Amino acid sequence: MDVDLLVRHGHVIAMDDAGTLIPDGAVAVAGGRIVDVGADATVAARCVAARELDAGGAPVHPGLVESHLHASFHTFRGALPDHLAEDDSFDTFESVFYNHVTDEDEYLAVALAAIEMIRNGTTCFLEAGTVLSPDSAARAASLVGIRAVLGDPFIWDQPDGFAQGMRAAAGNRSRIARAPGSRAEALDRLGTELRRNADPDALVTGHVAVLGLGTASEELMLAAKSRADAAGCVLNIHQSYSPADTGADRLRFGKDPLLHLADIGFLDRNVTLAHANHLGDEECEALLDRGASIAWAPAASMMWGHGGCFRGRHAELHRRGATIALGSDSPNWSNDFDLFRQANLAVLTAREAHRDRTYLVAEDGLWMATRAGARAVGLADWIGSIEVGKRADIVVHTLRRPELVPVTDMVRNLVYSSRSKSVSTVIVNGRIVLDEGAFVGVDEGELLREVQRSSTALLRRMGKVVEPNRVARRG
Ligand SMILES: [Zn+2]
């Protein structure tokens with residue numbers, strides 16, 4: 001069989017249901033799909049490849065799936081002072097950002113996020129419905145060659161619900177000029193990104209995003225759910241992130257939020273809850289019963305001190321069969337778009353919280369970053385494993401990193417030791433986008449310089465002067 005690409009001599013970690021590991025394996029790619037997987041000698045005898053790539057015995061695994069990202073915040077990474085209270089972050093930074101950012105700034109921010117993710121072995125991301133110009137995000141994703149699942153920006157009809165959720169005293173909220181100002185406007189915008197799903201080979205697809213955190217009325221939430229059902233796609237919403245927004249939802253629904261959302265038919269198999277740090281016992285049962293997914297962002301919870309890793313139920317739900325995917329959230333909320341790090345945090349904090357070394361193991365972390373991620377973004381049939389018929393989103397590592405040597409158990413070595421440091425070549429939709437550490441078709445140096453110019457000008461327009469922290473002894 002003639003194929004476009006043959007990855008040879010890889011330690012193939014397939015992430016299929018059988019947990020297939022092939023120490024000297026090969027993966028053949030044609031037309032953007034995986035067309036053969038098996039022992040190297042067998043596959044090589046069956047395939048004639050336009051290009052061969054020798055993994056040299058290093059791990060080869062499916063691309064990681066970022067299930068929760070705010071992709072335009074990259075352009076002000078590091079600008080939020082550590083001493084800024086979360087209640088003040090929307091008024092002093094986020095709303096100011098959204099009222100000054102241009103489409104070109106967003107394009108560059110998403111391109112930066114994309115090259116960072118590709119370098120770290122992430123081949124697909126779901127954007128959580130907060131890039132004001134999804135077309136700019138699509139253009140950036142296409143430039144870099146990363147798979148993107150985009151949502152419509154700021155689907156909300158009661159933005160003050162955010163105030164109730166995020167701060168104790170609801171006050172005068174700063175408005176985002178380009179966000180919908182009414183339910184009619186939100187409904188008008190809802191589902192626009194789904195037009196991308198008509199092409200079965202599309203690199204950029206759409207989902208239904210609702211911002212959540214109390215900013216959507218039940219009417220809007222149910223309209224969004226109907227839209228997602230009709231389109232056969234995922235609905236992504238922020239839910240039960242902090243004690244404050246969880247409490248506000250409990251107040252308006254008259255019961256624990258997930259129980260109400262199950263009652264009204266909203267909580268369902270095609271719904272992915274971002275964060276879900278604060279769930280009660282009955283809510284966990286409802287989530288398992290309804291088959292909804294969670295995008296767990298361990299670093300974001302730790303960064304803002306929400307207790308999601310210690311009091312959250314993610315690890316327990318994963319052990320009971322729920323789909324718990326991993327998300328990095330955004331710069332200033334977690335700052336690190338390395339899903340190996342999120343997997344590492346997920347596994348280690350779960351052990352710490354449960355005081356049990358065996359509570360989660362390395363394979364659990366890799367599962368969350370691949371199979372669970374694929375399901376949580378609505379692409380379970382497309383990506384998440386190395387199997388014949390799936391889209392060819394493949395990460396090839398290199399053994400020329402001290403952290404991956406010696407070759408023993410490579411899942412443990414990846415999750416605990418090398419993480420993304422050993423990522424060498426990345427293939428998305430059958431195309432090599434990172435070739436032994438070098439981007440194909442993107443001038444990375446020039447892109448980084450453009451991002452710097454955009455960020456400096458944007459922060460100036462926002463009236464923000466970034467004051468470096470002084471390092472001094474406390475007390
Ligand atoms: Zn978020």
# chains A, B, ... in the order shown; residues from 1 in each chain; ligands from 1
>>> residues_near_ligand(ligand="ligand 1", cutoff="8 Å", atoms="only C-alpha atoms and all ligand atoms", output="ChimeraX atom specification")
/A:68-70,128,238,274-275,329-330
>>> residues_around(residues="Ala137 (chain A)", least_positions_apart="3", cutoff="8 Å", atoms="only C-alpha atoms", output="list in words")
Ala71, Glu106, Tyr107, Val110, Ala111, Val131, Ser133, Pro134, Ala140 and Ala141 of chain A
>>> closest_atom_pairs(of="region 127-211 of chain A", to="region 436-455 of chain A", cutoff="10 Å", atoms="only C-alpha atoms", output="tab-separated table")
residue	atom	partner	partner_atom	distance
A:Leu143	CA	A:Val442	CA	7.1
A:Val144	CA	A:Val442	CA	6.5
A:Gly145	CA	A:Val440	CA	9.1
>>> write_last_selection(atoms="C-alpha atoms", output="CSV table (one decimal), in the first residue's frame")
chain,number,residue,atom,x,y,z
A,143,LEU,CA,-1.1,28.8,10.2
A,144,VAL,CA,0.5,26.6,12.9
A,145,GLY,CA,-1.4,23.5,11.9
>>> select_by_dssp(residues="region 66-273 of chain A", states="strand (DSSP E or B)", output="ChimeraX atom specification")
/A:66-69,122-127,147-150,204-206,208-212,235-239,271-273
>>> residues_around(residues="Ile13 (chain A)", least_positions_apart="6", cutoff="7 Å", atoms="only C-alpha atoms", output="PyMOL selection string")
chain A and resi 20-22+59-61
>>> write_last_selection(atoms="C-alpha atoms", output="JSON list (two decimals), in the first residue's frame")
[["chain", "number", "residue", "atom", "x", "y", "z"],
["A", 20, "THR", "CA", -1.64, -1.76, 23.15],
["A", 21, "LEU", "CA", 2.10, -1.13, 23.54],
["A", 22, "ILE", "CA", 4.43, -1.96, 20.63],
["A", 59, "PRO", "CA", 7.73, 6.96, 22.53],
["A", 60, "VAL", "CA", 5.08, 7.57, 19.85],
["A", 61, "HIS", "CA", 1.62, 8.38, 21.19]]
>>> closest_residue(among="A:Leu261, A:Ile324, A:Ala198, A:Ile432", to="Leu222 (chain A)", atoms="only C-alpha atoms")
A:Leu261
>>> residues_around(residues="Gly430 (chain A)", least_positions_apart="6", cutoff="12 Å", atoms="only C-alpha atoms", output="number ranges by chain")
A: 3-7, 27-35, 51, 62-63, 123, 145-147, 201, 203, 383, 389-395
>>> write_last_selection(atoms="C-alpha atoms", output="JSON list (two decimals), in the first residue's frame")
[["chain", "number", "residue", "atom", "x", "y", "z"],
["A", 3, "VAL", "CA", 1.22, 5.84, 2.13],
["A", 4, "ASP", "CA", 2.22, 9.46, 2.73],
["A", 5, "LEU", "CA", 4.20, 8.91, 5.89],
["A", 6, "LEU", "CA", 5.59, 6.00, 7.86],
["A", 7, "VAL", "CA", 6.74, 6.52, 11.44],
["A", 27, "VAL", "CA", 2.39, 3.85, 12.18],
["A", 28, "ALA", "CA", 1.40, 4.49, 8.56],
["A", 29, "VAL", "CA", -0.46, 7.64, 7.50],
["A", 30, "ALA", "CA", -2.34, 8.38, 4.27],
["A", 31, "GLY", "CA", -4.85, 11.10, 3.44],
["A", 32, "GLY", "CA", -4.61, 12.50, 6.96],
["A", 33, "ARG", "CA", -5.72, 9.20, 8.52],
["A", 34, "ILE", "CA", -3.91, 6.38, 10.28],
["A", 35, "VAL", "CA", -4.01, 3.44, 7.85],
["A", 51, "ARG", "CA", 8.46, 9.79, 3.65],
["A", 62, "PRO", "CA", -1.58, 10.13, 20.14],
["A", 63, "GLY", "CA", -1.54, 13.93, 20.28],
["A", 123, "THR", "CA", -2.37, 18.60, 18.82],
["A", 145, "GLY", "CA", -1.38, 23.46, 11.89],
["A", 146, "ILE", "CA", -3.02, 22.66, 15.23],
["A", 147, "ARG", "CA", -6.52, 21.19, 15.48],
["A", 201, "ASP", "CA", -11.42, 16.81, 6.98],
["A", 203, "LEU", "CA", -8.69, 21.10, 11.00],
["A", 383, "ILE", "CA", -8.63, 11.46, 17.76],
["A", 389, "GLY", "CA", -9.23, 5.04, 10.75],
["A", 390, "LYS", "CA", -8.49, 7.84, 13.18],
["A", 391, "ARG", "CA", -7.08, 11.21, 12.17],
["A", 392, "ALA", "CA", -3.29, 11.11, 12.23],
["A", 393, "ASP", "CA", -2.54, 13.33, 15.25],
["A", 394, "ILE", "CA", 0.71, 11.78, 16.49],
["A", 395, "VAL", "CA", 3.55, 12.83, 18.79]]
>>> closest_residue(among="A:Arg470, A:Phe93, A:Leu360, A:Ala343", to="Arg320 (chain A)", atoms="only C-alpha atoms")
A:Leu360
>>> closest_atom_pairs(of="region 177-265 of chain A", to="region 158-162 of chain A", cutoff="7 Å", atoms="only C-alpha atoms", output="Markdown table")
| residue | atom | partner | partner_atom | distance |
| --- | --- | --- | --- | --- |
| A:Leu213 | CA | A:Phe162 | CA | 5.9 |
| A:Gly214 | CA | A:Gly161 | CA | 4.6 |
| A:Thr215 | CA | A:Gly161 | CA | 4.5 |
| A:Ala216 | CA | A:Gln158 | CA | 5.8 |
| A:Ser217 | CA | A:Gln158 | CA | 6.8 |
>>> closest_residue(among="A:Gly78, A:Pro200, A:Gly151, A:Gly25", to="Asn429 (chain A)", atoms="only C-alpha atoms")
A:Pro200
>>> closest_atom_pairs(of="region 275-342 of chain A", to="region 368-377 of chain A", cutoff="6 Å", atoms="only C-alpha atoms", output="JSON lines")
{"residue": "A:Ser293", "atom": "CA", "partner": "A:Ala376", "partner_atom": "CA", "distance": 5.7}
{"residue": "A:Thr323", "atom": "CA", "partner": "A:Ala372", "partner_atom": "CA", "distance": 5.3}
{"residue": "A:Ile324", "atom": "CA", "partner": "A:Ala372", "partner_atom": "CA", "distance": 5.9}
{"residue": "A:Ala325", "atom": "CA", "partner": "A:Gly373", "partner_atom": "CA", "distance": 4.6}
{"residue": "A:Leu326", "atom": "CA", "partner": "A:Ala369", "partner_atom": "CA", "distance": 5.7}
>>> closest_residue(among="A:Arg474, A:Lys421, A:Arg189, A:Arg119", to="Val208 (chain A)", atoms="only C-alpha atoms")
A:Arg189
>>> closest_residue(among="A:Ile155, A:Leu251, A:Leu187, A:Leu80", to="Gly212 (chain A)", atoms="only C-alpha atoms")
A:Ile155
